[in-house]
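Enquirer: To be precise about what I am sending: the file is called target.pdb and holds PDB, C-alpha atoms.
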MODEL        1
ATOM      1  CA  PRO A   4       0.006  -9.745 -12.217
ATOM      2  CA  ARG A   5       3.237  -9.441 -14.112
ATOM      3  CA  LEU A   6       3.672  -5.945 -15.521
ATOM      4  CA  PRO A   7       6.090  -4.685 -18.138
ATOM      5  CA  ALA A   8       9.209  -3.191 -16.533
ATOM      6  CA  THR A   9       8.266   0.445 -17.196
ATOM      7  CA  GLU A  10       4.776  -0.022 -15.765
ATOM      8  CA  ARG A  11       6.158  -1.797 -12.692
ATOM      9  CA  ARG A  12       8.717   0.983 -12.184
ATOM     10  CA  ASP A  13       5.972   3.615 -12.418
ATOM     11  CA  ALA A  14       3.819   1.653  -9.942
ATOM     12  CA  ILE A  15       6.722   1.530  -7.490
ATOM     13  CA  LEU A  16       7.234   5.287  -7.830
ATOM     14  CA  ARG A  17       3.514   5.962  -7.257
ATOM     15  CA  ALA A  18       3.491   3.756  -4.165
ATOM     16  CA  ALA A  19       6.701   5.276  -2.783
ATOM     17  CA  LEU A  20       5.569   8.915  -3.031
ATOM     18  CA  PRO A  21       3.064   8.913  -0.129
ATOM     19  CA  LEU A  22       5.428   6.909   2.083
ATOM     20  CA  PHE A  23       8.330   9.283   1.530
ATOM     21  CA  ALA A  24       5.926  12.232   1.918
ATOM     22  CA  VAL A  25       4.821  11.087   5.375
ATOM     23  CA  ARG A  26       7.933   9.381   6.738
ATOM     24  CA  GLY A  27      10.758  10.929   4.759
ATOM     25  CA  PHE A  28      13.777   9.134   3.371
ATOM     26  CA  GLU A  29      15.218   8.001   6.697
ATOM     27  CA  GLY A  30      11.886   6.902   8.160
ATOM     28  CA  THR A  31      10.876   4.647   5.277
ATOM     29  CA  THR A  32      12.241   1.130   4.899
ATOM     30  CA  THR A  33      12.689  -0.775   1.665
ATOM     31  CA  ARG A  34      10.386  -3.455   3.075
ATOM     32  CA  GLU A  35       7.615  -0.859   3.493
ATOM     33  CA  LEU A  36       8.264   0.469  -0.008
ATOM     34  CA  ALA A  37       8.107  -3.008  -1.526
ATOM     35  CA  THR A  38       4.927  -3.890   0.388
ATOM     36  CA  ALA A  39       3.212  -0.651  -0.652
ATOM     37  CA  ALA A  40       4.099  -1.361  -4.295
ATOM     38  CA  GLY A  41       2.929  -4.971  -4.043
ATOM     39  CA  VAL A  42       6.351  -6.393  -4.882
ATOM     40  CA  THR A  43       9.148  -8.158  -3.078
ATOM     41  CA  GLU A  44      12.338  -6.364  -2.060
ATOM     42  CA  PRO A  45      14.362  -8.204  -4.746
ATOM     43  CA  ILE A  46      11.943  -6.918  -7.402
ATOM     44  CA  LEU A  47      12.237  -3.424  -5.935
ATOM     45  CA  TYR A  48      16.024  -3.690  -6.276
ATOM     46  CA  ARG A  49      15.694  -4.816  -9.899
ATOM     47  CA  HIS A  50      14.172  -1.454 -10.704
ATOM     48  CA  PHE A  51      16.208   0.715  -8.317
ATOM     49  CA  PRO A  52      19.703  -0.185  -7.062
ATOM     50  CA  GLY A  53      18.843   1.179  -3.613
ATOM     51  CA  LYS A  54      16.531   3.341  -1.575
ATOM     52  CA  ALA A  55      18.557   6.462  -2.430
ATOM     53  CA  GLU A  56      18.013   5.935  -6.159
ATOM     54  CA  LEU A  57      14.299   5.324  -5.606
ATOM     55  CA  PHE A  58      14.065   8.496  -3.526
ATOM     56  CA  ALA A  59      15.921  10.462  -6.216
ATOM     57  CA  ALA A  60      13.427   9.233  -8.832
ATOM     58  CA  VAL A  61      10.471  10.144  -6.583
ATOM     59  CA  LEU A  62      11.960  13.589  -5.936
ATOM     60  CA  GLY A  63      12.597  14.170  -9.648
ATOM     61  CA  GLY A  64       9.055  13.122 -10.480
ATOM     62  CA  ALA A  65       7.680  15.499  -7.848
ATOM     63  CA  ALA A  66       9.577  18.435  -9.355
ATOM     64  CA  ASP A  67       8.450  17.398 -12.870
ATOM     65  CA  ARG A  68       4.779  17.339 -11.859
ATOM     66  CA  VAL A  69       4.945  20.682 -10.056
ATOM     67  CA  GLN A  70       6.704  22.318 -13.001
ATOM     68  CA  ALA A  71       4.169  20.916 -15.472
ATOM     69  CA  THR A  72       1.344  22.411 -13.417
ATOM     70  CA  LEU A  73       3.135  25.773 -13.236
ATOM     71  CA  GLU A  74       3.661  25.719 -17.014
ATOM     72  CA  ALA A  75      -0.018  25.036 -17.595
ATOM     73  CA  ALA A  76      -1.012  27.883 -15.237
ATOM     74  CA  ILE A  77       0.990  30.557 -17.060
ATOM     75  CA  GLU A  78       0.210  29.390 -20.581
ATOM     76  CA  GLY A  79      -1.299  32.195 -22.629
ATOM     77  CA  HIS A  80      -0.220  34.967 -20.232
ATOM     78  CA  ALA A  81       2.339  37.358 -21.717
ATOM     79  CA  SER A  82       3.327  39.764 -18.922
ATOM     80  CA  ALA A  83       5.096  38.987 -15.674
ATOM     81  CA  PRO A  84       2.223  40.364 -13.535
ATOM     82  CA  ALA A  85      -0.351  38.353 -15.494
ATOM     83  CA  ARG A  86       1.716  35.209 -15.026
ATOM     84  CA  MET A  87       2.035  35.898 -11.295
ATOM     85  CA  ARG A  88      -1.731  36.406 -11.008
ATOM     86  CA  ALA A  89      -2.344  33.159 -12.916
ATOM     87  CA  LEU A  90      -0.017  31.322 -10.540
ATOM     88  CA  ALA A  91      -1.749  32.877  -7.525
ATOM     89  CA  ASP A  92      -5.189  31.975  -8.890
ATOM     90  CA  GLY A  93      -4.057  28.373  -9.258
ATOM     91  CA  LEU A  94      -2.248  28.166  -5.925
ATOM     92  CA  GLU A  95      -4.972  26.343  -3.989
ATOM     93  CA  SER A  96      -5.396  23.653  -6.637
ATOM     94  CA  LEU A  97      -1.604  23.390  -7.063
ATOM     95  CA  LEU A  98      -1.110  22.828  -3.347
ATOM     96  CA  SER A  99      -3.880  20.256  -3.033
ATOM     97  CA  ALA A 100      -2.947  18.394  -6.222
ATOM     98  CA  HIS A 101       0.731  18.234  -5.263
ATOM     99  CA  GLU A 102       0.597  17.974  -1.477
ATOM    100  CA  ASP A 103       2.722  14.803  -1.382
ATOM    101  CA  ASP A 104       5.150  16.219  -3.964
ATOM    102  CA  PHE A 105       5.741  19.317  -1.823
ATOM    103  CA  ARG A 106       5.998  17.243   1.348
ATOM    104  CA  VAL A 107       8.733  15.116  -0.208
ATOM    105  CA  MET A 108      10.680  18.150  -1.424
ATOM    106  CA  ASN A 109      10.209  20.288   1.685
ATOM    107  CA  GLY A 110      10.771  17.387   4.059
ATOM    108  CA  ALA A 111      14.006  16.379   2.380
ATOM    109  CA  ALA A 112      15.170  20.010   2.391
ATOM    110  CA  ALA A 113      14.387  20.416   6.091
ATOM    111  CA  VAL A 114      16.105  17.225   7.224
ATOM    112  CA  HIS A 115      19.467  17.978   5.599
ATOM    113  CA  GLY A 116      20.210  14.274   5.383
ATOM    114  CA  SER A 117      22.991  12.919   3.260
ATOM    115  CA  GLU A 118      24.957  15.231   0.996
ATOM    116  CA  GLU A 119      23.500  13.350  -1.972
ATOM    117  CA  THR A 120      19.913  13.973  -0.857
ATOM    118  CA  VAL A 121      20.594  17.649  -0.158
ATOM    119  CA  ALA A 122      22.144  17.972  -3.626
ATOM    120  CA  GLN A 123      19.084  16.345  -5.205
ATOM    121  CA  VAL A 124      16.690  18.662  -3.387
ATOM    122  CA  ARG A 125      18.849  21.675  -4.258
ATOM    123  CA  ALA A 126      18.765  20.629  -7.916
ATOM    124  CA  ALA A 127      14.956  20.231  -7.852
ATOM    125  CA  TYR A 128      14.463  23.655  -6.241
ATOM    126  CA  ALA A 129      17.018  25.254  -8.568
ATOM    127  CA  ARG A 130      15.160  23.860 -11.584
ATOM    128  CA  LEU A 131      11.846  25.271 -10.337
ATOM    129  CA  GLY A 132      13.550  28.597  -9.572
ATOM    130  CA  ARG A 133      15.013  28.734 -13.096
ATOM    131  CA  PHE A 134      11.601  27.982 -14.563
ATOM    132  CA  LEU A 135       9.913  30.757 -12.544
ATOM    133  CA  SER A 136      12.738  33.179 -13.377
ATOM    134  CA  LYS A 137      12.302  32.457 -17.066
ATOM    135  CA  ALA A 138       8.526  32.783 -16.728
ATOM    136  CA  LEU A 139       8.934  36.243 -15.169
ATOM    137  CA  ASP A 140      11.447  37.359 -17.786
ATOM    138  CA  ALA A 141       8.632  39.255 -19.476
ATOM    139  CA  PRO A 142       7.335  42.807 -19.601
ATOM    140  CA  GLY A 143       5.926  44.252 -16.424
ATOM    141  CA  LEU A 144       8.600  43.846 -13.772
ATOM    142  CA  ARG A 145       9.482  46.842 -11.626
ATOM    143  CA  ARG A 146      12.625  48.668 -12.756
ATOM    144  CA  GLY A 147      15.647  47.191 -10.963
ATOM    145  CA  VAL A 148      13.963  43.846 -10.194
ATOM    146  CA  SER A 149      15.611  40.998 -12.046
ATOM    147  CA  PRO A 150      13.526  38.079 -13.318
ATOM    148  CA  GLU A 151      15.871  35.781 -11.391
ATOM    149  CA  THR A 152      15.181  37.527  -8.084
ATOM    150  CA  ALA A 153      11.433  37.719  -8.773
ATOM    151  CA  GLY A 154      11.311  34.041  -9.772
ATOM    152  CA  HIS A 155      13.162  32.857  -6.691
ATOM    153  CA  LEU A 156      11.061  35.090  -4.431
ATOM    154  CA  LEU A 157       7.995  33.495  -5.958
ATOM    155  CA  LEU A 158       9.525  30.057  -5.349
ATOM    156  CA  GLU A 159      10.114  30.904  -1.686
ATOM    157  CA  VAL A 160       6.585  32.239  -1.265
ATOM    158  CA  GLY A 161       5.128  29.164  -2.950
ATOM    159  CA  LEU A 162       7.173  26.737  -0.874
ATOM    160  CA  GLY A 163       6.163  28.600   2.265
ATOM    161  CA  ALA A 164       2.541  28.327   1.221
ATOM    162  CA  ALA A 165       3.018  24.592   0.657
ATOM    163  CA  LEU A 166       4.132  24.293   4.284
ATOM    164  CA  VAL A 167       1.730  26.718   5.956
ATOM    165  CA  ARG A 168      -1.571  26.358   4.105
ATOM    166  CA  PRO A 169      -2.151  22.676   4.915
ATOM    167  CA  LEU A 170      -1.897  23.599   8.620
ATOM    168  CA  GLY A 171      -5.073  25.658   8.296
ATOM    169  CA  LEU A 172      -3.917  28.837  10.055
ATOM    170  CA  ALA A 173      -6.899  31.127  10.586
ATOM    171  CA  VAL A 174      -5.301  34.167   8.916
ATOM    172  CA  VAL A 175      -4.323  32.173   5.850
ATOM    173  CA  LYS A 176      -7.847  30.751   5.554
ATOM    174  CA  ARG A 177      -9.456  34.199   5.940
ATOM    175  CA  PRO A 178     -11.505  35.266   2.886
ATOM    176  CA  GLY A 179      -9.496  37.702   0.794
ATOM    177  CA  TYR A 180      -6.126  36.689   2.250
ATOM    178  CA  GLY A 181      -4.848  35.343  -1.081
ATOM    179  CA  ALA A 182      -5.814  38.482  -2.996
ATOM    180  CA  GLU A 183      -4.220  40.709  -0.350
ATOM    181  CA  ALA A 184      -1.018  38.633  -0.354
ATOM    182  CA  MET A 185      -0.850  38.788  -4.149
ATOM    183  CA  LYS A 186      -1.344  42.557  -4.068
ATOM    184  CA  LEU A 187       1.649  42.846  -1.718
ATOM    185  CA  LEU A 188       3.797  40.586  -3.864
ATOM    186  CA  LEU A 189       2.868  42.393  -7.081
ATOM    187  CA  SER A 190       3.618  45.763  -5.498
ATOM    188  CA  ALA A 191       7.101  44.488  -4.689
ATOM    189  CA  VAL A 192       8.025  43.172  -8.134
ATOM    190  CA  ALA A 193       5.611  44.558 -10.735
ATOM    191  CA  ALA A 194       6.035  47.881 -12.456
ATOM    192  CA  PRO A 195       3.492  50.480 -11.340
ATOM    193  CA  VAL A 196       0.512  50.705 -13.656
ATOM    194  CA  LYS A 197       0.435  54.075 -15.396
ATOM    195  CA  GLY A 198      -2.744  56.001 -15.789
TER     196      GLY A 198
ENDMDL
END
Give the structure from this file in structure tokens form.
Expert:
Amino acid sequence: PRLPATERRDAILRAALPLFAVRGFEGTTTRELATAAGVTEPILYRHFPGKAELFAAVLGGAADRVQATLEAAIEGHASAPARMRALADGLESLLSAHEDDFRVMNGAAAVHGSEETVAQVRAAYARLGRFLSKALDAPGLRRGVSPETAGHLLLEVGLGAALVRPLGLAVVKRPGYGAEAMKLLLSAVAAPVKG
């Protein structure tokens, strides 16, 4: 069926995400992308000038969705430690809900493909790092720990979790692992609780 241009574009983006997540930019052809979206290659090119532009849109959408979930997780929490706990509590659902989003971002970062792709991934990670830094710019950080450092540490920990948790390592799956890991992270960046 003929769809309005914006709906067709969104359908192409939805179909492209799992392909790029599994095969990466280099391993995915425009023919496969068009077939997955149920369109011809010329229609694909009407919406995106090339595969690089389609990948950039998929990558941007992935970062948007992850950030929206992070924003929802910290909503209503005023202190930096409370926000970190809220993020930790939502980590499992974040990782499962955004598995393909993280695979696209992490895969593109690991491949170090074209300069353009690396720049796009860097921009997506930088945006998430800025968001987390701003989120942790609240009462409760340990003296001498900047919100920027705490936010980017949290980004690194989260991205590592996005890579490691789906592998099902026994230690990571152990009951209580998440709470113990959060305790370690909070002890590094949160101000000691008085009393």
Enquirer: So, counting all atoms listed in the file, which residue among A:His101, A:Arg11, A:His50, A:Arg26 is closest to A:Ala65?
Expert: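 Answer, going by the shortest atom-to-atom distance: A:His101.
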Enquirer: Leaving out A:Ala111 and any residue of its chain fewer than 2 positions from it, which residues lie within 8 Å of it when counting only C-alpha atoms, given as a list in words?
Expert: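 Everything that qualifies: Gly27, Phe28, Val107, Met108, Asn109, Ala113, Val114, His115, Gly116, Thr120, Val121 and Val124 of chain A.
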Enquirer: When the PyMOL selection byres ((chain A and resi 181) around 12) is applied to the file above, which residues end up in the set, as a list in words?
Expert: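 Here the PyMOL selection byres ((chain A and resi 181) around 12) matches Arg88, Leu90, Ala91, Asp92, Gly93, Leu94, Glu95, Val160, Gly161, Ala164, Arg168, Val174, Val175, Lys176, Arg177, Pro178, Gly179, Tyr180, Ala182, Glu183, Ala184, Met185, Lys186, Leu187 and Leu188 of chain A.
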Enquirer: What lies within 12 Å of A:Lys54 using all atoms listed in the file, ignoring chain neighbours under 6 positions off, as a PyMOL selection string?
Expert: chain A and resi 15-16+19+23+27-37+44+47-48+60-61+120
Enquirer: Which residues, written as a PyMOL selection string, have at least one atom at most 12 Å from A:His155, with only C-alpha atoms counted and residues fewer than 2 positions away on the same chain left out?
Expert: chain A and resi 128-139+148-153+157-162+192
Enquirer: Would you list the contacts of stretch 80-86 of chain A as a tab-separated table (two decimals) with C-alpha atoms, in the frame of the given file, taking every protein, DNA or RNA residue within 8 Å and counting all atoms listed in the file, but skipping same-chain residues closer than 2 positions in sequence?
Expert:
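Just written: selection_5.tsv:
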chain	number	residue	atom	x	y	z
A	76	ALA	CA	-1.01	27.88	-15.24
A	77	ILE	CA	0.99	30.56	-17.06
A	78	GLU	CA	0.21	29.39	-20.58
A	88	ARG	CA	-1.73	36.41	-11.01
A	89	ALA	CA	-2.34	33.16	-12.92
A	90	LEU	CA	-0.02	31.32	-10.54
A	138	ALA	CA	8.53	32.78	-16.73
A	139	LEU	CA	8.93	36.24	-15.17
A	140	ASP	CA	11.45	37.36	-17.79
A	141	ALA	CA	8.63	39.26	-19.48
A	142	PRO	CA	7.34	42.81	-19.60
A	143	GLY	CA	5.93	44.25	-16.42
A	144	LEU	CA	8.60	43.85	-13.77
A	189	LEU	CA	2.87	42.39	-7.08
A	193	ALA	CA	5.61	44.56	-10.74
Enquirer: Give me, please, the distance in Å between atom CA of A:Gly147 and atom CA of A:Ala191, quoted to one decimal.
Expert: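 The value is 10.9 Å.
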Enquirer: For atom CA of A:Asp67 and atom CA of A:Pro7, determine how far apart the two atoms are, in Å to one decimal place.
Expert: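 Pair atom CA of A:Asp67 / atom CA of A:Pro7 returns 22.8 Å.
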Enquirer: How would you write as a list in words the residues that get within 12 Å of (-2.2, 14.0, -5.2) in the file's frame, counting only C-alpha atoms?
Expert: Arg17, Ala18, Leu20, Pro21, Ala24, Ala65, Arg68, Val69, Ser96, Leu97, Leu98, Ser99, Ala100, His101, Glu102, Asp103, Asp104, Phe105 and Arg106 of chain A
Enquirer: Residues as selected, C-alpha atoms, written as a PDB file, in the coordinates of the input, can you do that?
Expert:
ATOM      1  CA  ARG A  17       3.514   5.962  -7.257  1.00  0.00           C
ATOM      2  CA  ALA A  18       3.491   3.756  -4.165  1.00  0.00           C
ATOM      3  CA  LEU A  20       5.569   8.915  -3.031  1.00  0.00           C
ATOM      4  CA  PRO A  21       3.064   8.913  -0.129  1.00  0.00           C
ATOM      5  CA  ALA A  24       5.926  12.232   1.918  1.00  0.00           C
ATOM      6  CA  ALA A  65       7.680  15.499  -7.848  1.00  0.00           C
ATOM      7  CA  ARG A  68       4.779  17.339 -11.859  1.00  0.00           C
ATOM      8  CA  VAL A  69       4.945  20.682 -10.056  1.00  0.00           C
ATOM      9  CA  SER A  96      -5.396  23.653  -6.637  1.00  0.00           C
ATOM     10  CA  LEU A  97      -1.604  23.390  -7.063  1.00  0.00           C
ATOM     11  CA  LEU A  98      -1.110  22.828  -3.347  1.00  0.00           C
ATOM     12  CA  SER A  99      -3.880  20.256  -3.033  1.00  0.00           C
ATOM     13  CA  ALA A 100      -2.947  18.394  -6.222  1.00  0.00           C
ATOM     14  CA  HIS A 101       0.731  18.234  -5.263  1.00  0.00           C
ATOM     15  CA  GLU A 102       0.597  17.974  -1.477  1.00  0.00           C
ATOM     16  CA  ASP A 103       2.722  14.803  -1.382  1.00  0.00           C
ATOM     17  CA  ASP A 104       5.150  16.219  -3.964  1.00  0.00           C
ATOM     18  CA  PHE A 105       5.741  19.317  -1.823  1.00  0.00           C
ATOM     19  CA  ARG A 106       5.998  17.243   1.348  1.00  0.00           C
TER      20      ARG A 106
END
Enquirer: Kindly complete stretch 102-127 of chain A to N, CA and C atoms; the output should be written as a PDB file, in the coordinates of the input.
Expert:
ATOM      1  N   GLU A 102       0.255  17.960  -2.902  1.00  0.00           N
ATOM      2  CA  GLU A 102       0.597  17.974  -1.477  1.00  0.00           C
ATOM      3  C   GLU A 102       1.741  17.006  -1.171  1.00  0.00           C
ATOM      4  N   ASP A 103       1.651  15.778  -1.650  1.00  0.00           N
ATOM      5  CA  ASP A 103       2.722  14.803  -1.382  1.00  0.00           C
ATOM      6  C   ASP A 103       4.030  15.207  -2.072  1.00  0.00           C
ATOM      7  N   ASP A 104       3.941  15.768  -3.269  1.00  0.00           N
ATOM      8  CA  ASP A 104       5.150  16.219  -3.964  1.00  0.00           C
ATOM      9  C   ASP A 104       5.875  17.276  -3.139  1.00  0.00           C
ATOM     10  N   PHE A 105       5.119  18.266  -2.637  1.00  0.00           N
ATOM     11  CA  PHE A 105       5.741  19.317  -1.823  1.00  0.00           C
ATOM     12  C   PHE A 105       6.262  18.765  -0.498  1.00  0.00           C
ATOM     13  N   ARG A 106       5.535  17.827   0.078  1.00  0.00           N
ATOM     14  CA  ARG A 106       5.998  17.243   1.348  1.00  0.00           C
ATOM     15  C   ARG A 106       7.326  16.522   1.164  1.00  0.00           C
ATOM     16  N   VAL A 107       7.471  15.809   0.057  1.00  0.00           N
ATOM     17  CA  VAL A 107       8.733  15.116  -0.208  1.00  0.00           C
ATOM     18  C   VAL A 107       9.858  16.134  -0.367  1.00  0.00           C
ATOM     19  N   MET A 108       9.630  17.153  -1.181  1.00  0.00           N
ATOM     20  CA  MET A 108      10.680  18.150  -1.424  1.00  0.00           C
ATOM     21  C   MET A 108      11.005  18.939  -0.162  1.00  0.00           C
ATOM     22  N   ASN A 109       9.976  19.474   0.499  1.00  0.00           N
ATOM     23  CA  ASN A 109      10.209  20.288   1.685  1.00  0.00           C
ATOM     24  C   ASN A 109      10.766  19.467   2.844  1.00  0.00           C
ATOM     25  N   GLY A 110      10.270  18.245   2.989  1.00  0.00           N
ATOM     26  CA  GLY A 110      10.771  17.387   4.059  1.00  0.00           C
ATOM     27  C   GLY A 110      12.239  17.049   3.866  1.00  0.00           C
ATOM     28  N   ALA A 111      12.601  16.718   2.657  1.00  0.00           N
ATOM     29  CA  ALA A 111      14.006  16.379   2.380  1.00  0.00           C
ATOM     30  C   ALA A 111      14.895  17.603   2.568  1.00  0.00           C
ATOM     31  N   ALA A 112      14.388  18.781   2.225  1.00  0.00           N
ATOM     32  CA  ALA A 112      15.170  20.010   2.391  1.00  0.00           C
ATOM     33  C   ALA A 112      15.348  20.330   3.873  1.00  0.00           C
ATOM     34  N   ALA A 113      14.329  20.083   4.666  1.00  0.00           N
ATOM     35  CA  ALA A 113      14.387  20.416   6.091  1.00  0.00           C
ATOM     36  C   ALA A 113      15.281  19.466   6.886  1.00  0.00           C
ATOM     37  N   VAL A 114      15.349  18.220   6.470  1.00  0.00           N
ATOM     38  CA  VAL A 114      16.105  17.225   7.224  1.00  0.00           C
ATOM     39  C   VAL A 114      17.607  17.398   7.062  1.00  0.00           C
ATOM     40  N   HIS A 115      18.031  17.861   5.902  1.00  0.00           N
ATOM     41  CA  HIS A 115      19.467  17.978   5.599  1.00  0.00           C
ATOM     42  C   HIS A 115      20.164  16.644   5.868  1.00  0.00           C
ATOM     43  N   GLY A 116      19.645  15.613   5.239  1.00  0.00           N
ATOM     44  CA  GLY A 116      20.210  14.274   5.383  1.00  0.00           C
ATOM     45  C   GLY A 116      21.560  14.159   4.714  1.00  0.00           C
ATOM     46  N   SER A 117      21.711  13.154   3.924  1.00  0.00           N
ATOM     47  CA  SER A 117      22.991  12.919   3.260  1.00  0.00           C
ATOM     48  C   SER A 117      23.285  14.044   2.278  1.00  0.00           C
ATOM     49  N   GLU A 118      24.560  14.211   1.973  1.00  0.00           N
ATOM     50  CA  GLU A 118      24.957  15.231   0.996  1.00  0.00           C
ATOM     51  C   GLU A 118      24.277  14.981  -0.350  1.00  0.00           C
ATOM     52  N   GLU A 119      24.130  13.704  -0.701  1.00  0.00           N
ATOM     53  CA  GLU A 119      23.500  13.350  -1.972  1.00  0.00           C
ATOM     54  C   GLU A 119      22.043  13.806  -2.008  1.00  0.00           C
ATOM     55  N   THR A 120      21.316  13.571  -0.913  1.00  0.00           N
ATOM     56  CA  THR A 120      19.913  13.973  -0.857  1.00  0.00           C
ATOM     57  C   THR A 120      19.783  15.489  -0.897  1.00  0.00           C
ATOM     58  N   VAL A 121      20.622  16.183  -0.149  1.00  0.00           N
ATOM     59  CA  VAL A 121      20.594  17.649  -0.158  1.00  0.00           C
ATOM     60  C   VAL A 121      20.871  18.163  -1.566  1.00  0.00           C
ATOM     61  N   ALA A 122      21.825  17.559  -2.251  1.00  0.00           N
ATOM     62  CA  ALA A 122      22.144  17.972  -3.626  1.00  0.00           C
ATOM     63  C   ALA A 122      20.960  17.739  -4.553  1.00  0.00           C
ATOM     64  N   GLN A 123      20.246  16.638  -4.366  1.00  0.00           N
ATOM     65  CA  GLN A 123      19.084  16.345  -5.205  1.00  0.00           C
ATOM     66  C   GLN A 123      17.961  17.350  -4.969  1.00  0.00           C
ATOM     67  N   VAL A 124      17.733  17.685  -3.708  1.00  0.00           N
ATOM     68  CA  VAL A 124      16.690  18.662  -3.387  1.00  0.00           C
ATOM     69  C   VAL A 124      17.091  20.035  -3.924  1.00  0.00           C
ATOM     70  N   ARG A 125      18.353  20.398  -3.739  1.00  0.00           N
ATOM     71  CA  ARG A 125      18.849  21.675  -4.258  1.00  0.00           C
ATOM     72  C   ARG A 125      18.642  21.746  -5.770  1.00  0.00           C
ATOM     73  N   ALA A 126      18.935  20.659  -6.463  1.00  0.00           N
ATOM     74  CA  ALA A 126      18.765  20.629  -7.916  1.00  0.00           C
ATOM     75  C   ALA A 126      17.292  20.774  -8.303  1.00  0.00           C
ATOM     76  N   ALA A 127      16.395  20.128  -7.558  1.00  0.00           N
ATOM     77  CA  ALA A 127      14.956  20.231  -7.852  1.00  0.00           C
ATOM     78  C   ALA A 127      14.473  21.662  -7.634  1.00  0.00           C
TER      79      ALA A 127
END
